[in-house]
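Source file: model34.cif. Holds: mmCIF, C-alpha atoms.
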data_data
#
loop_
_atom_site.group_PDB
_atom_site.id
_atom_site.type_symbol
_atom_site.label_atom_id
_atom_site.label_comp_id
_atom_site.auth_asym_id
_atom_site.auth_seq_id
_atom_site.Cartn_x
_atom_site.Cartn_y
_atom_site.Cartn_z
ATOM 1 C CA MET A 85 40.352 -18.078 -48.315
ATOM 2 C CA THR A 86 41.743 -14.601 -47.852
ATOM 3 C CA LEU A 87 44.267 -12.954 -50.130
ATOM 4 C CA ARG A 88 46.606 -13.015 -47.134
ATOM 5 C CA GLU A 89 46.444 -16.833 -47.116
ATOM 6 C CA VAL A 90 47.074 -16.824 -50.894
ATOM 7 C CA GLN A 91 50.133 -14.678 -50.290
ATOM 8 C CA LYS A 92 51.402 -17.148 -47.667
ATOM 9 C CA ILE A 93 50.836 -20.235 -49.832
ATOM 10 C CA LEU A 94 52.650 -18.649 -52.784
ATOM 11 C CA GLU A 95 55.343 -16.946 -50.652
ATOM 12 C CA ALA A 96 54.287 -13.919 -52.644
ATOM 13 C CA GLU A 97 55.487 -10.357 -52.654
ATOM 14 C CA VAL A 98 52.736 -7.716 -52.457
ATOM 15 C CA PHE A 99 53.239 -5.010 -55.077
ATOM 16 C CA VAL A 100 49.834 -3.320 -54.697
ATOM 17 C CA GLY A 101 47.083 -3.719 -52.092
ATOM 18 C CA TYR A 102 48.664 -4.264 -48.648
ATOM 19 C CA ASP A 103 45.410 -2.910 -47.258
ATOM 20 C CA GLN A 104 43.267 -5.349 -49.258
ATOM 21 C CA LEU A 105 44.702 -8.671 -48.085
ATOM 22 C CA ASP A 106 41.543 -9.536 -46.150
ATOM 23 C CA ILE A 107 39.371 -9.920 -49.266
ATOM 24 C CA GLU A 108 37.950 -13.411 -49.803
ATOM 25 C CA VAL A 109 38.714 -15.452 -52.911
ATOM 26 C CA LYS A 110 37.359 -18.833 -53.938
ATOM 27 C CA THR A 111 38.182 -19.144 -57.647
ATOM 28 C CA ALA A 112 40.950 -18.433 -60.155
ATOM 29 C CA PHE A 113 41.722 -18.252 -63.864
ATOM 30 C CA GLY A 114 45.181 -18.492 -65.393
ATOM 31 C CA ALA A 115 46.265 -17.215 -68.839
ATOM 32 C CA ASP A 116 48.699 -14.935 -70.608
ATOM 33 C CA LEU A 117 46.207 -14.109 -73.338
ATOM 34 C CA MET A 118 43.991 -11.245 -72.190
ATOM 35 C CA SER A 119 41.310 -12.011 -74.796
ATOM 36 C CA ASP A 120 40.936 -15.457 -73.217
ATOM 37 C CA VAL A 121 40.724 -13.872 -69.787
ATOM 38 C CA LEU A 122 37.970 -11.587 -71.112
ATOM 39 C CA ALA A 123 36.169 -14.539 -72.676
ATOM 40 C CA PHE A 124 36.321 -16.951 -69.737
ATOM 41 C CA ALA A 125 37.336 -15.402 -66.408
ATOM 42 C CA LYS A 126 34.634 -14.563 -63.867
ATOM 43 C CA ALA A 127 34.164 -11.696 -61.443
ATOM 44 C CA GLY A 128 35.735 -12.126 -58.028
ATOM 45 C CA SER A 129 38.392 -14.577 -59.261
ATOM 46 C CA LEU A 130 42.152 -14.400 -58.999
ATOM 47 C CA LEU A 131 43.977 -13.805 -62.282
ATOM 48 C CA LEU A 132 47.190 -15.839 -62.559
ATOM 49 C CA THR A 133 49.364 -14.523 -65.374
ATOM 50 C CA GLY A 134 52.910 -14.132 -66.612
ATOM 51 C CA LEU A 135 52.240 -10.740 -68.188
ATOM 52 C CA THR A 136 53.366 -7.552 -66.444
ATOM 53 C CA ASN A 137 51.974 -4.687 -68.564
ATOM 54 C CA PRO A 138 49.060 -2.381 -67.640
ATOM 55 C CA GLN A 139 46.605 -4.415 -69.734
ATOM 56 C CA ILE A 140 46.456 -7.022 -66.928
ATOM 57 C CA VAL A 141 45.011 -4.261 -64.726
ATOM 58 C CA ARG A 142 42.596 -2.955 -67.389
ATOM 59 C CA THR A 143 41.378 -6.498 -68.036
ATOM 60 C CA SER A 144 40.946 -7.075 -64.301
ATOM 61 C CA ASP A 145 39.046 -3.817 -63.905
ATOM 62 C CA VAL A 146 36.652 -4.652 -66.737
ATOM 63 C CA LEU A 147 35.929 -8.090 -65.238
ATOM 64 C CA ASP A 148 36.006 -7.185 -61.527
ATOM 65 C CA ILE A 149 38.889 -9.586 -60.924
ATOM 66 C CA ALA A 150 39.657 -9.725 -57.175
ATOM 67 C CA ALA A 151 43.455 -9.714 -57.460
ATOM 68 C CA ILE A 152 46.289 -10.355 -59.914
ATOM 69 C CA ILE A 153 49.006 -12.926 -59.194
ATOM 70 C CA ILE A 154 52.061 -12.471 -61.424
ATOM 71 C CA VAL A 155 53.891 -15.802 -61.774
ATOM 72 C CA ARG A 156 57.418 -16.920 -62.762
ATOM 73 C CA GLY A 157 59.110 -14.289 -60.592
ATOM 74 C CA LYS A 158 58.248 -11.416 -62.910
ATOM 75 C CA ARG A 159 57.658 -7.913 -61.613
ATOM 76 C CA PRO A 160 54.897 -5.539 -62.739
ATOM 77 C CA LEU A 161 56.019 -2.561 -64.822
ATOM 78 C CA PRO A 162 55.965 0.800 -62.976
ATOM 79 C CA GLU A 163 52.989 1.980 -65.056
ATOM 80 C CA THR A 164 51.168 -1.258 -64.155
ATOM 81 C CA ILE A 165 51.667 -0.563 -60.438
ATOM 82 C CA LEU A 166 50.428 3.025 -60.826
ATOM 83 C CA LEU A 167 47.280 1.937 -62.649
ATOM 84 C CA ALA A 168 46.567 -0.844 -60.135
ATOM 85 C CA GLU A 169 46.894 1.638 -57.271
ATOM 86 C CA GLU A 170 44.490 3.991 -59.048
ATOM 87 C CA LEU A 171 41.936 1.260 -59.731
ATOM 88 C CA LYS A 172 42.531 -0.444 -56.353
ATOM 89 C CA ILE A 173 43.384 -3.867 -57.764
ATOM 90 C CA PRO A 174 45.887 -5.861 -55.657
ATOM 91 C CA ILE A 175 48.943 -7.291 -57.423
ATOM 92 C CA LEU A 176 51.005 -10.080 -55.861
ATOM 93 C CA GLY A 177 54.067 -11.728 -57.360
ATOM 94 C CA THR A 178 55.293 -15.289 -56.859
ATOM 95 C CA LYS A 179 58.414 -17.128 -57.961
ATOM 96 C CA TYR A 180 56.363 -20.258 -58.692
ATOM 97 C CA ILE A 181 55.638 -21.091 -62.326
ATOM 98 C CA LEU A 182 52.004 -20.952 -63.484
ATOM 99 C CA PHE A 183 51.502 -24.717 -63.068
ATOM 100 C CA GLU A 184 52.891 -24.746 -59.519
ATOM 101 C CA THR A 185 50.960 -21.603 -58.576
ATOM 102 C CA ALA A 186 47.691 -23.128 -59.757
ATOM 103 C CA GLY A 187 48.471 -26.504 -58.141
ATOM 104 C CA ARG A 188 49.372 -25.048 -54.767
ATOM 105 C CA LEU A 189 46.201 -22.947 -54.674
ATOM 106 C CA TYR A 190 44.004 -25.819 -55.874
ATOM 107 C CA ALA A 191 45.426 -28.107 -53.174
ATOM 108 C CA LYS A 192 44.262 -25.570 -50.588
ATOM 109 C CA GLY A 193 40.737 -25.268 -51.996
ATOM 110 C CA ILE A 194 40.814 -22.608 -54.721
ATOM 111 C CA VAL A 195 39.052 -23.930 -57.830
ATOM 112 C CA GLY A 196 38.821 -22.783 -61.436
ATOM 113 C CA CYS A 197 36.262 -20.042 -62.081
ATOM 114 C CA ILE A 198 34.905 -22.429 -64.716
ATOM 115 C CA GLU A 199 35.852 -26.098 -65.178
ATOM 116 C CA THR A 200 35.368 -26.427 -68.907
ATOM 117 C CA VAL A 201 34.372 -23.958 -71.596
ATOM 118 C CA SER A 202 30.744 -23.947 -72.609
ATOM 119 C CA ALA A 203 29.400 -23.860 -76.149
ATOM 120 C CA THR A 204 26.601 -21.534 -75.091
ATOM 121 C CA ARG A 205 26.845 -17.989 -73.856
ATOM 122 C CA GLU A 206 27.277 -17.619 -70.119
ATOM 123 C CA PHE A 207 27.723 -14.289 -68.413
ATOM 124 C CA SER A 208 28.910 -13.635 -64.889
ATOM 125 C CA MET B 296 16.142 -2.302 -81.683
ATOM 126 C CA ASN B 297 14.270 0.966 -81.291
ATOM 127 C CA SER B 298 16.629 3.562 -82.696
ATOM 128 C CA HIS B 299 14.108 6.342 -82.018
ATOM 129 C CA GLU B 300 14.162 5.588 -78.307
ATOM 130 C CA THR B 301 15.099 8.283 -75.806
ATOM 131 C CA VAL B 302 18.838 8.575 -75.414
ATOM 132 C CA VAL B 303 19.501 9.267 -71.736
ATOM 133 C CA TYR B 304 23.258 9.473 -72.099
ATOM 134 C CA GLU B 305 25.612 10.047 -75.015
ATOM 135 C CA ASN B 306 29.332 10.645 -75.131
ATOM 136 C CA THR B 307 32.176 10.304 -77.616
ATOM 137 C CA PHE B 308 35.586 9.142 -76.420
ATOM 138 C CA PRO B 309 38.615 9.642 -78.669
ATOM 139 C CA VAL B 310 41.018 6.679 -78.864
ATOM 140 C CA GLU B 311 44.684 7.036 -79.771
ATOM 141 C CA GLY B 312 45.630 4.780 -82.697
ATOM 142 C CA LYS B 313 48.715 2.564 -82.937
ATOM 143 C CA SER B 314 49.590 3.139 -79.303
ATOM 144 C CA PHE B 315 48.963 1.259 -76.085
ATOM 145 C CA ASN B 316 49.729 4.272 -73.888
ATOM 146 C CA ASN B 317 46.112 4.739 -72.865
ATOM 147 C CA ALA B 318 44.648 1.420 -74.002
ATOM 148 C CA GLY B 319 41.665 0.466 -71.864
ATOM 149 C CA GLN B 320 41.080 3.938 -70.477
ATOM 150 C CA VAL B 321 37.748 4.335 -72.286
ATOM 151 C CA SER B 322 36.509 0.943 -71.031
ATOM 152 C CA THR B 323 37.292 1.895 -67.440
ATOM 153 C CA GLN B 324 35.336 5.149 -67.931
ATOM 154 C CA VAL B 325 32.426 3.415 -69.666
ATOM 155 C CA LYS B 326 32.107 0.829 -66.892
ATOM 156 C CA ALA B 327 32.228 3.481 -64.156
ATOM 157 C CA LEU B 328 29.611 5.593 -65.984
ATOM 158 C CA LEU B 329 27.252 2.639 -66.442
ATOM 159 C CA GLN B 330 27.594 1.670 -62.785
ATOM 160 C CA LYS B 331 26.844 5.249 -61.804
ATOM 161 C CA MET B 332 23.651 4.984 -63.893
ATOM 162 C CA LYS B 333 22.716 1.935 -61.744
ATOM 163 C CA ILE B 334 22.877 -0.419 -64.698
ATOM 164 C CA PRO B 335 23.156 -4.009 -63.380
ATOM 165 C CA ILE B 336 26.796 -5.005 -62.965
ATOM 166 C CA LYS B 337 26.548 -8.046 -65.271
ATOM 167 C CA ILE B 338 25.305 -5.795 -68.083
ATOM 168 C CA ALA B 339 27.887 -3.066 -67.355
ATOM 169 C CA ARG B 340 30.646 -5.674 -67.368
ATOM 170 C CA ARG B 341 29.630 -6.978 -70.802
ATOM 171 C CA ALA B 342 29.555 -3.421 -72.141
ATOM 172 C CA ALA B 343 33.027 -2.859 -70.699
ATOM 173 C CA ILE B 344 34.357 -6.092 -72.254
ATOM 174 C CA VAL B 345 33.171 -5.213 -75.769
ATOM 175 C CA THR B 346 34.377 -1.615 -75.385
ATOM 176 C CA TYR B 347 37.771 -2.860 -74.257
ATOM 177 C CA GLU B 348 38.209 -5.252 -77.196
ATOM 178 C CA ALA B 349 37.116 -2.486 -79.600
ATOM 179 C CA GLU B 350 39.561 -0.109 -77.966
ATOM 180 C CA ILE B 351 42.389 -2.647 -78.235
ATOM 181 C CA ASN B 352 41.661 -3.031 -81.955
ATOM 182 C CA ILE B 353 41.939 0.734 -82.498
ATOM 183 C CA CYS B 354 45.137 0.872 -80.408
ATOM 184 C CA SER B 355 46.514 -2.057 -82.405
ATOM 185 C CA TYR B 356 45.593 -1.308 -85.997
ATOM 186 C CA ALA B 357 44.006 2.111 -86.610
ATOM 187 C CA ASP B 358 45.572 5.530 -87.160
ATOM 188 C CA HIS B 359 42.996 7.026 -84.830
ATOM 189 C CA GLY B 360 39.476 6.338 -83.718
ATOM 190 C CA LYS B 361 36.634 7.011 -81.354
ATOM 191 C CA ILE B 362 34.116 5.148 -79.267
ATOM 192 C CA ILE B 363 30.580 6.440 -78.981
ATOM 193 C CA LEU B 364 28.505 5.362 -76.006
ATOM 194 C CA ARG B 365 24.732 5.807 -76.056
ATOM 195 C CA VAL B 366 22.415 4.642 -73.341
ATOM 196 C CA THR B 367 18.639 4.372 -73.613
ATOM 197 C CA PRO B 368 16.348 2.946 -70.914
ATOM 198 C CA GLU B 369 16.560 -0.423 -72.664
ATOM 199 C CA GLU B 370 19.901 -0.612 -74.447
ATOM 200 C CA ILE B 371 23.559 0.258 -74.321
ATOM 201 C CA ILE B 372 24.805 1.120 -77.801
ATOM 202 C CA ILE B 373 28.546 1.127 -78.387
ATOM 203 C CA GLU B 374 30.041 2.223 -81.678
ATOM 204 C CA ALA B 375 33.746 2.030 -82.476
ATOM 205 C CA ILE B 376 34.737 4.028 -85.530
ATOM 206 C CA ASP B 377 38.296 4.239 -86.776
ATOM 207 C CA GLU B 378 40.344 5.555 -89.650
ATOM 208 C CA GLY B 379 43.106 3.243 -90.712
ATOM 209 C CA GLN B 380 43.994 0.141 -92.668
ATOM 210 C CA GLY B 381 40.550 -1.493 -92.472
ATOM 211 C CA ILE B 382 39.849 -5.222 -92.783
ATOM 212 C CA ALA B 383 40.132 -6.933 -96.172
ATOM 213 C CA ASP B 384 38.180 -10.099 -95.371
ATOM 214 C CA ILE B 385 35.657 -9.577 -92.559
ATOM 215 C CA GLU B 386 34.420 -13.170 -92.707
ATOM 216 C CA ALA B 387 37.946 -14.475 -92.092
ATOM 217 C CA ALA B 388 38.592 -11.843 -89.414
ATOM 218 C CA MET B 389 35.475 -12.930 -87.532
ATOM 219 C CA GLU B 390 36.822 -16.473 -87.147
ATOM 220 C CA GLU B 391 38.472 -17.265 -83.835
ATOM 221 C CA GLY B 392 42.210 -17.508 -84.328
ATOM 222 C CA PHE B 393 42.435 -15.324 -87.441
ATOM 223 C CA SER B 394 44.930 -12.562 -86.769
ATOM 224 C CA THR B 395 47.259 -10.098 -88.438
ATOM 225 C CA ALA B 396 48.771 -9.024 -85.123
ATOM 226 C CA THR B 397 52.361 -7.964 -84.682
ATOM 227 C CA GLU B 398 54.800 -8.874 -81.899
ATOM 228 C CA ARG B 399 54.008 -5.567 -80.154
ATOM 229 C CA ILE B 400 50.322 -6.499 -79.878
ATOM 230 C CA TRP B 401 51.142 -10.039 -78.680
ATOM 231 C CA ARG B 402 53.300 -8.639 -75.905
ATOM 232 C CA MET B 403 50.244 -6.807 -74.552
ATOM 233 C CA GLY B 404 48.341 -10.094 -74.276
ATOM 234 C CA PHE B 405 46.253 -9.694 -77.403
ATOM 235 C CA GLY B 406 46.512 -10.594 -81.092
ATOM 236 C CA ALA B 407 45.265 -14.166 -80.944
ATOM 237 C CA GLY B 408 42.280 -13.478 -83.170
ATOM 238 C CA MET B 409 39.699 -13.509 -80.379
ATOM 239 C CA GLY B 410 38.718 -9.851 -80.267
ATOM 240 C CA LEU B 411 35.933 -9.703 -82.835
ATOM 241 C CA SER B 412 34.401 -13.009 -81.726
ATOM 242 C CA ASN B 413 34.526 -11.865 -78.091
ATOM 243 C CA MET B 414 32.720 -8.662 -79.101
ATOM 244 C CA ARG B 415 30.083 -10.652 -80.963
ATOM 245 C CA ASN B 416 29.650 -13.155 -78.123
ATOM 246 C CA PHE B 417 29.263 -10.549 -75.394
ATOM 247 C CA SER B 418 26.808 -8.332 -77.283
ATOM 248 C CA ASP B 419 23.176 -8.911 -78.232
ATOM 249 C CA TYR B 420 23.599 -7.207 -81.598
ATOM 250 C CA PHE B 421 26.873 -6.938 -83.503
ATOM 251 C CA HIS B 422 27.532 -5.314 -86.848
ATOM 252 C CA ILE B 423 30.818 -4.632 -88.595
ATOM 253 C CA THR B 424 31.664 -2.811 -91.801
ATOM 254 C CA SER B 425 35.109 -2.034 -93.093
ATOM 255 C CA GLU B 426 36.846 -0.522 -96.077
ATOM 256 C CA VAL B 427 40.482 -1.264 -96.831
ATOM 257 C CA GLY B 428 42.593 1.867 -96.526
ATOM 258 C CA LYS B 429 39.701 3.819 -94.962
ATOM 259 C CA GLY B 430 38.744 2.229 -91.668
ATOM 260 C CA THR B 431 36.351 0.074 -89.692
ATOM 261 C CA ARG B 432 32.998 0.682 -87.987
ATOM 262 C CA LEU B 433 31.609 -1.553 -85.296
ATOM 263 C CA LYS B 434 28.181 -1.303 -83.731
ATOM 264 C CA MET B 435 27.264 -3.329 -80.696
ATOM 265 C CA ILE B 436 24.110 -3.302 -78.613
ATOM 266 C CA ILE B 437 23.655 -4.799 -75.182
ATOM 267 C CA CYS B 438 20.109 -5.057 -73.888
ATOM 268 C CA ILE B 439 19.678 -3.769 -70.362
ATOM 269 C CA ASP B 440 16.549 -5.763 -69.670
ATOM 270 C CA ASP B 441 17.527 -9.335 -68.728
ATOM 271 C CA LYS B 442 14.646 -10.884 -70.611
ATOM 272 C CA HIS B 443 16.145 -9.690 -73.899
ATOM 273 C CA LEU B 444 19.364 -11.621 -73.316
ATOM 274 C CA GLY B 445 20.372 -13.891 -76.142
ATOM 275 C CA LYS B 446 18.281 -12.031 -78.709
ATOM 276 C CA GLN B 447 20.304 -11.491 -81.882
#
Can you turn what I pasted into structure tokens?
Amino acid sequence: MTLREVQKILEAEVFVGYDQLDIEVKTAFGADLMSDVLAFAKAGSLLLTGLTNPQIVRTSDVLDIAAIIIVRGKRPLPETILLAEELKIPILGTKYILFETAGRLYAKGIVGCIETVSATREFS
Amino acid sequence: MNSHETVVYENTFPVEGKSFNNAGQVSTQVKALLQKMKIPIKIARRAAIVTYEAEINICSYADHGKIILRVTPEEIIIEAIDEGQGIADIEAAMEEGFSTATERIWRMGFGAGMGLSNMRNFSDYFHITSEVGKGTRLKMIICIDDKHLGKQ
């Protein structure tokens, strides 16, 4: 689905990337621990997180995350918005908690970027 | 690992210690540089991940540090060298979940004791040395040629 449809489902506010709402997304990963995002998230996925600092943008840049969804009604810090604009990574914000955000997206066809963790090395 | 191989690119990036002001900036630069060199995206991404975790460690624990990027036709070599508190027990530090992180580091989304194991997992060669009160040196190599993947 498009990021625009994601925005609709989550009744989300767009903080960065009004002009990027037509990108396609199929998968997502949710975590507040950036090291876990680095270890498990895959390129092209949505990142669902409750963090608001610039490291969510750096992590997304490193992994080629398609867009960041900030959950629990939090707002990105000003420096986070600036960095996301520079690196062209969309940031949306939703009032839904992480569980609801994931559930609502899953019900509409977005799946996890991985289902379970693997004991062997896998790179995307 | 052929250390005598032709280095086609080399650069040293300073990293500010004990500050998250610019954390991740070097990784962004490293990834962009590697992509400009037409290195396959999967390889560039792994190099960026290990650079980022190394950078976060310097920003978290060291007084100051630097990251050296070297690229040969076959390998990406990333070294992270810092001056600072060092690591007392490397074996313990390498275990997932071992951490000495402070609240400040946690708030950034790190500090869960995953950094060193992530660096080891995403690189083809990983070596760490450290001296308490002096600092830590990390060397990581990522093979550019796909057929070398998984070689330790």
Quiz item: Once the PyMOL selection byres ((chain B and resi 315) around 9) has been applied to the shown file, what residues remain in the selection, as a PyMOL selection string?
Solution: (chain A and resi 139) or (chain B and resi 311-314+316-319+351+354-355+400+403)
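Distances from B:Gln380, B:Thr431, B:Thr395, B:Thr323 to chain A were compared using only C-alpha atoms, and the smallest one belongs to B:Thr323.
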Practice problem: Please provide as a list in words all residues within 8 Å of Arg188 of chain A, with the sequence filter that same-chain residues fewer than 4 positions apart are discarded (counting only C-alpha atoms). | Solution: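 Final neighbour list, sorted by chain and number: Ile93, Leu94, Glu184 and Lys192 of chain A.
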Exercise. Considering all atoms listed in the file, state which residue in the set B:Leu433, B:Ala357, B:Ile439, B:Ala349 is at the smallest distance from Gly410 of chain B.
Key: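 Answer, going by the shortest atom-to-atom distance: B:Ala349.
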Practice problem: Report as number ranges by chain the set of chain A residues whose atoms approach chain B to within 8 Å, with distances computed over only C-alpha atoms. | Solution: A: 116-120, 122-123, 135, 137, 139, 142-143, 145-147, 205, 207-208
Quiz prompt | Expected selection from the PyMOL selection byres ((chain B and resi 368-372) around 10), given as a PyMOL selection string | solution = chain B and resi 296-298+300-305+329+334+338-339+342+363-367+373-374+418-420+434-441+443
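Atom CA of Glu95 of chain A to atom CA of Glu199 of chain A spans 26.0 Å [interatomic distance, one decimal].
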Exercise. Could you please determine the separation between atom CA of Pro174 of chain A and atom CA of Gln104 of chain A in Å, to one decimal place?
Key: 6.9 Å
Exercise. Please determine the residues with any atom at most 9 Å from (34.0, -3.6, -88.5) (coordinates as given in the file, with only C-alpha atoms counting) and report them as a list in words.
Key: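 Output: Ala375, Ile376, Gly381, Ile382, Ile385, Leu411, His422, Ile423, Thr424, Ser425, Glu426, Gly430, Thr431, Arg432, Leu433 and Lys434 of chain B.
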Self-check item: Residues selected by the PyMOL selection byres ((chain A and resi 110) around 6), written as a ChimeraX atom specification
Solution: /A:109,111,194
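Atom CA of His359 of chain B to atom CA of Thr164 of chain A spans 23.7 Å [interatomic distance, one decimal].
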Self-check item: Protein, DNA and RNA residues within 12 Å of (48.7, -6.6, -50.7), all atoms listed in the file, as a PyMOL selection string
Solution: chain A and resi 86-92+96-107+150-153+165+168-169+172-177
Practice problem: Determine the nearest neighbour of Pro160 of chain A from the options A:Ser144, A:Thr133, A:Ser202, A:Thr185, counting all atoms listed in the file. | Solution: A:Thr133
Grab all the atoms of segment 353-357 of chain B that the file lists, wrap them in a box along x, y and z, add 4 Å per side, and give me centre plus edge lengths in Å (one decimal) as JSON.
{"center_x": 44.2, "center_y": 0.0, "center_z": -83.5, "size_x": 12.6, "size_y": 12.2, "size_z": 14.2}
